[in-house]
$ cat final36.cif   # mmCIF, C-alpha atoms
data_upload
loop_
_atom_site.label_atom_id
_atom_site.label_comp_id
_atom_site.auth_asym_id
_atom_site.auth_seq_id
_atom_site.Cartn_x
_atom_site.Cartn_y
_atom_site.Cartn_z
CA MET A 275 4.11 -7.64 -20.26
CA LYS A 276 1.45 -10.16 -19.29
CA ASN A 277 -1.06 -8.85 -16.79
CA LYS A 278 -0.92 -11.44 -14.03
CA ILE A 279 -4.15 -12.96 -12.73
CA PHE A 280 -4.41 -14.34 -9.19
CA LEU A 281 -7.09 -16.42 -7.48
CA GLY A 282 -8.50 -15.01 -4.27
CA THR A 283 -8.61 -17.88 -1.80
CA ILE A 284 -11.62 -16.24 -0.13
CA LEU A 285 -13.60 -17.07 -3.29
CA LEU A 286 -13.52 -20.78 -2.47
CA GLU A 287 -14.27 -20.25 1.23
CA LYS A 288 -17.86 -21.02 2.23
CA ASN A 289 -17.34 -19.49 5.70
CA ARG A 290 -15.99 -16.17 4.44
CA TRP A 291 -18.89 -14.14 5.86
CA THR A 292 -20.14 -16.40 8.68
CA SER A 293 -17.82 -18.09 11.17
CA ARG A 294 -14.72 -16.99 9.21
CA ILE A 295 -13.16 -20.32 10.18
CA PRO A 296 -11.37 -21.87 7.16
CA SER A 297 -13.23 -24.80 5.64
CA TYR A 298 -10.40 -25.97 3.37
CA ARG A 299 -6.61 -26.05 3.25
CA VAL A 300 -5.17 -23.73 0.62
CA SER A 301 -1.94 -25.75 0.49
CA GLU A 302 -3.90 -28.70 -0.91
CA TRP A 303 -5.14 -26.54 -3.80
CA TYR A 304 -2.08 -24.45 -4.52
CA GLU A 305 -0.36 -26.67 -7.11
CA ARG A 306 -3.62 -27.19 -8.98
CA ILE A 307 -4.31 -23.44 -9.00
CA VAL A 308 -0.91 -22.66 -10.54
CA GLN A 309 -0.95 -25.60 -12.95
CA ASP A 310 -4.36 -24.49 -14.23
CA GLY A 311 -2.92 -21.12 -15.23
CA PHE A 312 -3.33 -18.71 -12.34
CA ASP A 313 -0.19 -16.68 -11.61
CA GLY A 314 -0.52 -17.13 -7.86
CA ILE A 315 -2.94 -16.45 -5.03
CA GLU A 316 -4.36 -13.61 -3.02
CA LEU A 317 -4.41 -15.29 0.38
CA TRP A 318 -7.24 -14.50 2.79
CA GLU A 319 -5.69 -13.78 6.18
CA ASN A 320 -7.69 -16.46 8.01
CA HIS A 321 -6.43 -19.15 5.66
CA PHE A 322 -3.11 -18.57 7.40
CA LEU A 323 -3.80 -17.00 10.79
CA LYS A 324 -6.48 -19.55 11.75
CA ALA A 325 -4.67 -22.52 10.21
CA ASP A 326 -2.89 -25.19 12.20
CA ALA A 327 0.90 -25.38 12.37
CA GLU A 328 1.09 -27.97 9.59
CA GLU A 329 -0.90 -25.81 7.16
CA LYS A 330 1.10 -22.70 8.02
CA SER A 331 4.33 -24.57 7.36
CA ALA A 332 2.99 -25.89 4.05
CA LEU A 333 2.01 -22.40 2.89
CA ILE A 334 5.36 -20.92 3.91
CA SER A 335 7.27 -23.64 2.06
CA LYS A 336 5.52 -23.25 -1.29
CA ALA A 337 7.93 -22.54 -4.12
CA ALA A 338 6.15 -19.37 -5.23
CA PRO A 339 5.44 -16.70 -2.62
CA VAL A 340 1.95 -15.44 -1.91
CA ALA A 341 1.31 -12.70 -4.47
CA VAL A 342 -1.07 -10.72 -2.23
CA PHE A 343 -1.93 -11.14 1.44
CA ASN A 344 -5.53 -10.07 2.11
CA THR A 345 -6.32 -8.50 5.49
CA TYR A 346 -9.55 -6.91 6.71
CA ASP A 347 -8.11 -5.06 9.69
CA GLU A 348 -9.53 -1.52 9.99
CA PHE A 349 -6.35 0.07 11.41
CA THR A 350 -7.83 1.25 14.66
CA ASP A 351 -5.81 1.57 17.85
CA GLU A 352 -7.80 -1.33 19.30
CA THR A 353 -6.46 -3.83 16.75
CA LYS A 354 -2.74 -3.19 17.16
CA GLU A 355 -2.03 -6.71 18.48
CA TYR A 356 -3.81 -8.20 15.49
CA ARG A 357 -1.63 -6.18 13.14
CA LEU A 358 1.45 -7.61 14.80
CA GLN A 359 0.13 -11.07 13.87
CA THR A 360 -0.56 -10.12 10.26
CA ALA A 361 2.85 -8.45 9.92
CA ALA A 362 4.53 -11.63 11.15
CA ALA A 363 2.49 -13.70 8.69
CA ILE A 364 3.40 -11.44 5.76
CA ASN A 365 7.08 -11.71 6.65
CA ASP A 366 6.87 -15.50 6.99
CA LEU A 367 5.11 -15.82 3.64
CA LYS A 368 7.37 -13.27 1.92
CA ALA A 369 4.25 -11.75 0.34
CA LYS A 370 5.01 -9.22 -2.36
CA ALA A 371 1.89 -7.16 -1.67
CA VAL A 372 -0.83 -6.79 0.94
CA LYS A 373 -4.41 -5.71 0.36
CA PHE A 374 -5.89 -3.63 3.16
CA ASN A 375 -8.94 -1.54 4.01
CA PHE A 376 -9.61 1.30 6.42
CA GLY A 377 -12.68 1.60 8.62
CA ASN A 378 -15.63 3.84 7.78
CA ASP A 379 -15.33 6.56 10.44
CA ARG A 380 -14.17 9.85 8.91
CA SER A 381 -13.27 11.20 12.35
CA ARG A 382 -10.62 8.46 12.71
CA ILE A 383 -8.72 8.98 9.45
CA ASP A 384 -5.65 10.34 11.27
CA GLU A 385 -5.67 7.24 13.45
CA TYR A 386 -5.99 4.92 10.43
CA VAL A 387 -3.09 6.60 8.63
CA LYS A 388 -0.83 6.61 11.69
CA ASN A 389 -1.43 2.91 12.31
CA LEU A 390 -0.92 2.04 8.65
CA VAL A 391 2.48 3.77 8.55
CA GLU A 392 3.57 2.07 11.78
CA TRP A 393 2.44 -1.31 10.42
CA ALA A 394 4.12 -0.78 7.05
CA ALA A 395 7.45 -0.36 8.86
CA LEU A 396 7.11 -3.96 10.09
CA LEU A 397 6.71 -5.42 6.59
CA PRO A 398 9.37 -6.45 4.07
CA PRO A 399 10.70 -3.32 2.34
CA ASP A 400 9.65 -4.64 -1.08
CA CYS A 401 6.08 -5.43 0.02
CA ARG A 402 3.59 -3.04 -1.63
CA LEU A 403 0.53 -1.86 0.31
CA LEU A 404 -2.63 -1.96 -1.80
CA CYS A 405 -5.60 -0.05 -0.45
CA GLU A 406 -8.94 -1.39 -1.65
CA CYS A 407 -11.07 1.69 -2.27
CA HIS A 408 -14.11 -0.22 -1.10
CA PRO A 409 -17.72 0.79 -0.38
CA HIS A 410 -18.47 1.34 3.31
CA THR A 411 -14.91 2.49 4.04
CA VAL A 412 -13.61 6.06 4.11
CA MET A 413 -11.55 5.34 1.01
CA GLU A 414 -14.63 4.89 -1.18
CA HIS A 415 -14.66 8.70 -1.37
CA ARG A 416 -12.25 9.96 -4.00
CA ASP A 417 -11.51 13.20 -2.19
CA ILE A 418 -10.49 11.33 0.95
CA ALA A 419 -8.47 8.77 -1.02
CA THR A 420 -6.61 11.57 -2.80
CA GLU A 421 -5.88 13.33 0.49
CA VAL A 422 -4.68 10.13 2.17
CA PHE A 423 -2.37 9.13 -0.67
CA ASN A 424 -0.94 12.65 -0.78
CA ARG A 425 -0.23 12.43 2.94
CA LEU A 426 1.40 9.02 2.59
CA GLY A 427 3.55 10.17 -0.30
CA ASP A 428 5.57 6.98 -0.69
CA GLU A 429 4.80 5.19 -3.98
CA ARG A 430 4.82 1.94 -2.01
CA TYR A 431 1.21 2.80 -1.11
CA GLN A 432 -1.00 1.87 -4.05
CA ALA A 433 -4.65 1.20 -4.83
CA ILE A 434 -7.13 -1.47 -5.87
CA ILE A 435 -10.37 -0.76 -7.68
CA HIS A 436 -13.13 -2.99 -9.06
CA VAL A 437 -12.68 -3.26 -12.79
CA PHE A 438 -16.19 -3.95 -14.08
CA GLU A 439 -17.90 -0.79 -12.97
CA SER A 440 -19.12 1.74 -15.54
CA PRO A 441 -16.66 4.12 -17.23
CA GLU A 442 -18.49 6.90 -15.36
CA SER A 443 -17.28 5.26 -12.14
CA ILE A 444 -13.78 4.26 -13.26
CA ASN A 445 -12.61 7.42 -15.04
CA PRO A 446 -12.89 9.69 -11.98
CA TRP A 447 -10.72 7.30 -9.97
CA PHE A 448 -7.92 7.59 -12.49
CA GLU A 449 -8.33 11.34 -12.54
CA ALA A 450 -8.02 11.36 -8.75
CA ILE A 451 -5.24 8.86 -7.98
CA GLY A 452 -4.03 7.76 -11.43
CA SER A 453 -0.77 5.83 -11.21
CA ARG A 454 -1.59 4.56 -7.72
CA ILE A 455 -4.07 2.11 -9.27
CA VAL A 456 -2.08 -1.06 -9.89
CA HIS A 457 -4.46 -3.90 -9.05
CA ALA A 458 -8.07 -4.79 -9.82
CA HIS A 459 -10.55 -7.06 -8.08
CA VAL A 460 -12.65 -9.00 -10.57
CA ARG A 461 -16.30 -9.83 -9.99
CA MET A 462 -19.42 -9.52 -12.10
CA THR A 463 -22.83 -8.91 -10.54
CA GLN A 464 -26.40 -8.52 -11.67
CA ASP A 465 -29.29 -7.93 -9.27
CA SER A 466 -27.00 -8.76 -6.32
CA ALA A 467 -26.07 -12.15 -7.82
CA TYR A 468 -22.58 -13.08 -9.01
CA LEU A 469 -22.16 -14.13 -12.64
CA LYS A 470 -19.39 -15.64 -14.72
CA LEU A 471 -17.60 -13.02 -16.80
CA ARG A 472 -18.46 -14.84 -20.01
CA LYS A 473 -22.14 -14.01 -19.48
CA LYS A 474 -21.45 -10.27 -19.75
CA PRO A 475 -18.73 -10.04 -22.44
CA ASP A 476 -19.54 -6.48 -23.50
CA LYS A 477 -19.31 -5.21 -19.94
CA VAL A 478 -15.99 -7.01 -19.44
CA LYS A 479 -14.51 -5.49 -22.58
CA GLU A 480 -15.89 -2.05 -21.76
CA GLY A 481 -14.33 -2.16 -18.29
CA LEU A 482 -10.95 -3.35 -19.53
CA ASP A 483 -10.91 -0.79 -22.32
CA CYS A 484 -11.65 1.97 -19.83
CA MET A 485 -8.90 0.78 -17.46
CA PHE A 486 -6.26 0.52 -20.18
CA ARG A 487 -7.17 3.82 -21.82
CA ASN A 488 -6.42 5.34 -18.43
CA GLY A 489 -2.96 3.76 -18.42
CA PHE A 490 -3.60 0.70 -16.25
CA ASN A 491 -1.05 -2.08 -16.65
CA GLY A 492 -1.44 -3.92 -13.38
CA THR A 493 -2.60 -7.23 -11.98
CA PHE A 494 -5.97 -8.85 -11.30
CA THR A 495 -7.51 -11.07 -8.66
CA ILE A 496 -10.57 -13.16 -9.41
CA GLU A 497 -12.32 -12.15 -6.19
CA PHE A 498 -15.83 -13.64 -6.49
CA THR A 499 -17.68 -15.59 -9.16
CA GLU A 500 -20.90 -17.35 -10.03
CA GLY A 501 -22.09 -19.63 -7.25
CA VAL A 502 -20.87 -17.46 -4.38
CA ARG A 503 -23.54 -16.80 -1.74
CA THR A 504 -26.00 -19.34 -3.14
CA PRO A 505 -27.79 -22.15 -1.25
CA ASP A 506 -25.90 -24.88 -3.10
CA GLU A 507 -22.48 -23.18 -2.97
CA ASN A 508 -19.66 -25.71 -3.14
CA ILE A 509 -15.93 -25.49 -3.65
CA ASP A 510 -15.64 -27.55 -6.83
CA ASP A 511 -18.25 -25.53 -8.73
CA LEU A 512 -16.79 -22.26 -7.45
CA TYR A 513 -13.33 -23.25 -8.65
CA ALA A 514 -14.67 -24.26 -12.08
CA CYS A 515 -16.36 -20.85 -12.45
CA ALA A 516 -13.25 -18.99 -11.23
CA LEU A 517 -11.11 -20.92 -13.72
CA ASP A 518 -13.50 -20.01 -16.53
CA ASP A 519 -13.36 -16.37 -15.46
CA MET A 520 -9.57 -16.41 -15.54
CA LYS A 521 -9.53 -17.97 -19.01
CA PHE A 522 -12.09 -15.52 -20.38
CA LEU A 523 -10.24 -12.58 -18.86
CA ARG A 524 -7.03 -13.78 -20.55
CA GLU A 525 -8.87 -14.05 -23.87
CA CYS A 526 -10.08 -10.48 -23.55
CA LEU A 527 -6.64 -9.20 -22.55
CA ALA A 528 -5.06 -10.99 -25.51
CA GLN A 529 -7.54 -9.36 -27.91
CA MET A 530 -6.52 -5.99 -26.54
CA GLY A 531 -2.91 -6.71 -27.46
#

$ encode --input "final36.cif" --output "structure tokens"
Amino acid sequence: MKNKIFLGTILLEKNRWTSRIPSYRVSEWYERIVQDGFDGIELWENHFLKADAEEKSALISKAAPVAVFNTYDEFTDETKEYRLQTAAAINDLKAKAVKFNFGNDRSRIDEYVKNLVEWAALLPPDCRLLCECHPHTVMEHRDIATEVFNRLGDERYQAIIHVFESPESINPWFEAIGSRIVHAHVRMTQDSAYLKLRKKPDKVKEGLDCMFRNGFNGTFTIEFTEGVRTPDENIDDLYACALDDMKFLRECLAQMG
């Protein structure tokens, strides 16, 4: 089965870490993204929640549903109203999966889990919940991630990891949560700068080989790429680099059979 590759709409967003106000309309890029070979999009929450009514309607009406809805809520009691908004958006978009994170306060893990379960009940029953085991969140710690997934039980709760880390980083995650890992965020860095995958072919192949030897057969999102967080960052160059990353990733996957 082909491992599907999505484009993260946050990749093209110049305001992702500043005002967080969308600078472009995803609906105007969607057909091009799919025609160029991506299998769909991972939609940054603000590209929908902070869009006008016309853009929301355009995104809802697209022929293919959003593959992954990307939210950065931390699942605290204080953000309950926000979660009601994201749940409504996910239902409107008929998203098949949602990426989420927890906060970074270990003393609030019970609160995070409680709020996640309550929120999950508001989502479509076939919508999978993908926890990004991300640095600076409690789920970056494998022991906590294992405990949380054991508490959740339901296989609907799954995990995202970053694919191009070292085998020494990836293997322990599979030992800890194994089959929960169904999605990978794709980005290549060197000295805090983002690079195109093609510039580090050995590292790409090493990461993929490690993932697949551990039984991974999931999906990918091109999350960030060369040109992100640079003074001359612009949407056209970012898209060209993301497209090259997708093509190179497909080449590597094809070589692996």

$ resolve_selection --input "final36.cif" --expression "the PyMOL selection byres ((chain A and resi 429) around 12)" --output "JSON, numbers by chain"
{"A": [400, 401, 402, 403, 404, 423, 424, 425, 426, 427, 428, 430, 431, 432, 433, 451, 452, 453, 454, 455, 456]}

$ atom_distance --input "final36.cif" --atom1 "atom CA of A:Lys276" --atom2 "atom CA of A:Tyr513"
22.4 Å

$ closest_residue --input "final36.cif" --among "A:Ala419, A:Thr353, A:Ser466, A:Trp447" --to "A:Arg503" --atoms "only C-alpha atoms"
A:Ser466

$ closest_residue --input "final36.cif" --among "A:Thr499, A:Val372, A:Thr360, A:His410" --to "A:Gln464" --atoms "only C-alpha atoms"
A:Thr499

$ resolve_selection --input "final36.cif" --expression "the PyMOL selection byres ((chain A and resi 462) around 12)" --output "PDB file with C-alpha atoms, keeping the file's coordinate frame"
ATOM      1  CA  HIS A 436     -13.130  -2.990  -9.060  1.00  0.00           C
ATOM      2  CA  VAL A 437     -12.680  -3.260 -12.790  1.00  0.00           C
ATOM      3  CA  PHE A 438     -16.190  -3.950 -14.080  1.00  0.00           C
ATOM      4  CA  GLU A 439     -17.900  -0.790 -12.970  1.00  0.00           C
ATOM      5  CA  SER A 440     -19.120   1.740 -15.540  1.00  0.00           C
ATOM      6  CA  HIS A 459     -10.550  -7.060  -8.080  1.00  0.00           C
ATOM      7  CA  VAL A 460     -12.650  -9.000 -10.570  1.00  0.00           C
ATOM      8  CA  ARG A 461     -16.300  -9.830  -9.990  1.00  0.00           C
ATOM      9  CA  THR A 463     -22.830  -8.910 -10.540  1.00  0.00           C
ATOM     10  CA  GLN A 464     -26.400  -8.520 -11.670  1.00  0.00           C
ATOM     11  CA  ASP A 465     -29.290  -7.930  -9.270  1.00  0.00           C
ATOM     12  CA  SER A 466     -27.000  -8.760  -6.320  1.00  0.00           C
ATOM     13  CA  ALA A 467     -26.070 -12.150  -7.820  1.00  0.00           C
ATOM     14  CA  TYR A 468     -22.580 -13.080  -9.010  1.00  0.00           C
ATOM     15  CA  LEU A 469     -22.160 -14.130 -12.640  1.00  0.00           C
ATOM     16  CA  LYS A 470     -19.390 -15.640 -14.720  1.00  0.00           C
ATOM     17  CA  LEU A 471     -17.600 -13.020 -16.800  1.00  0.00           C
ATOM     18  CA  ARG A 472     -18.460 -14.840 -20.010  1.00  0.00           C
ATOM     19  CA  LYS A 473     -22.140 -14.010 -19.480  1.00  0.00           C
ATOM     20  CA  LYS A 474     -21.450 -10.270 -19.750  1.00  0.00           C
ATOM     21  CA  PRO A 475     -18.730 -10.040 -22.440  1.00  0.00           C
ATOM     22  CA  ASP A 476     -19.540  -6.480 -23.500  1.00  0.00           C
ATOM     23  CA  LYS A 477     -19.310  -5.210 -19.940  1.00  0.00           C
ATOM     24  CA  VAL A 478     -15.990  -7.010 -19.440  1.00  0.00           C
ATOM     25  CA  GLY A 481     -14.330  -2.160 -18.290  1.00  0.00           C
ATOM     26  CA  ILE A 496     -10.570 -13.160  -9.410  1.00  0.00           C
ATOM     27  CA  GLU A 497     -12.320 -12.150  -6.190  1.00  0.00           C
ATOM     28  CA  PHE A 498     -15.830 -13.640  -6.490  1.00  0.00           C
ATOM     29  CA  THR A 499     -17.680 -15.590  -9.160  1.00  0.00           C
ATOM     30  CA  GLU A 500     -20.900 -17.350 -10.030  1.00  0.00           C
ATOM     31  CA  GLY A 501     -22.090 -19.630  -7.250  1.00  0.00           C
ATOM     32  CA  VAL A 502     -20.870 -17.460  -4.380  1.00  0.00           C
ATOM     33  CA  CYS A 515     -16.360 -20.850 -12.450  1.00  0.00           C
ATOM     34  CA  ALA A 516     -13.250 -18.990 -11.230  1.00  0.00           C
ATOM     35  CA  ASP A 519     -13.360 -16.370 -15.460  1.00  0.00           C
ATOM     36  CA  LEU A 523     -10.240 -12.580 -18.860  1.00  0.00           C
TER      37      LEU A 523
END

$ closest_residue --input "final36.cif" --among "A:Val342, A:Phe494, A:Ile509, A:Ala458" --to "A:Arg299" --atoms "all atoms listed in the file"
A:Ile509

$ atom_distance --input "final36.cif" --atom1 "atom CA of A:Asp483" --atom2 "atom CA of A:Ala371"
25.1 Å

$ resolve_selection --input "final36.cif" --expression "the PyMOL selection byres ((chain A and resi 531) around 12)" --output "PDB file with C-alpha atoms, in the coordinates of the input"
ATOM      1  CA  MET A 275       4.110  -7.640 -20.260  1.00  0.00           C
ATOM      2  CA  LYS A 276       1.450 -10.160 -19.290  1.00  0.00           C
ATOM      3  CA  ASN A 277      -1.060  -8.850 -16.790  1.00  0.00           C
ATOM      4  CA  LEU A 482     -10.950  -3.350 -19.530  1.00  0.00           C
ATOM      5  CA  ASP A 483     -10.910  -0.790 -22.320  1.00  0.00           C
ATOM      6  CA  PHE A 486      -6.260   0.520 -20.180  1.00  0.00           C
ATOM      7  CA  ASN A 491      -1.050  -2.080 -16.650  1.00  0.00           C
ATOM      8  CA  ARG A 524      -7.030 -13.780 -20.550  1.00  0.00           C
ATOM      9  CA  GLU A 525      -8.870 -14.050 -23.870  1.00  0.00           C
ATOM     10  CA  CYS A 526     -10.080 -10.480 -23.550  1.00  0.00           C
ATOM     11  CA  LEU A 527      -6.640  -9.200 -22.550  1.00  0.00           C
ATOM     12  CA  ALA A 528      -5.060 -10.990 -25.510  1.00  0.00           C
ATOM     13  CA  GLN A 529      -7.540  -9.360 -27.910  1.00  0.00           C
ATOM     14  CA  MET A 530      -6.520  -5.990 -26.540  1.00  0.00           C
TER      15      MET A 530
END

$ atom_distance --input "final36.cif" --atom1 "atom CA of A:Arg294" --atom2 "atom CA of A:Ser381"
28.4 Å

$ residues_near_point --input "final36.cif" --point "(-3.1, -19.2, -11.4)" --cutoff "10 Å" --atoms "all atoms listed in the file" --output "number ranges by chain"
A: 278-282, 304-315, 495-496, 517, 520

$ write_last_selection --input "final36.cif" --atoms "C-alpha atoms" --output "compact mmCIF listing (two decimals), in the coordinates of the input"
# COMPACT_ATOMS: atom_id res chain seq x y z
CA LYS A 278 -0.92 -11.44 -14.03
CA ILE A 279 -4.15 -12.96 -12.73
CA PHE A 280 -4.41 -14.34 -9.19
CA LEU A 281 -7.09 -16.42 -7.48
CA GLY A 282 -8.50 -15.01 -4.27
CA TYR A 304 -2.08 -24.45 -4.52
CA GLU A 305 -0.36 -26.67 -7.11
CA ARG A 306 -3.62 -27.19 -8.98
CA ILE A 307 -4.31 -23.44 -9.00
CA VAL A 308 -0.91 -22.66 -10.54
CA GLN A 309 -0.95 -25.60 -12.95
CA ASP A 310 -4.36 -24.49 -14.23
CA GLY A 311 -2.92 -21.12 -15.23
CA PHE A 312 -3.33 -18.71 -12.34
CA ASP A 313 -0.19 -16.68 -11.61
CA GLY A 314 -0.52 -17.13 -7.86
CA ILE A 315 -2.94 -16.45 -5.03
CA THR A 495 -7.51 -11.07 -8.66
CA ILE A 496 -10.57 -13.16 -9.41
CA LEU A 517 -11.11 -20.92 -13.72
CA MET A 520 -9.57 -16.41 -15.54
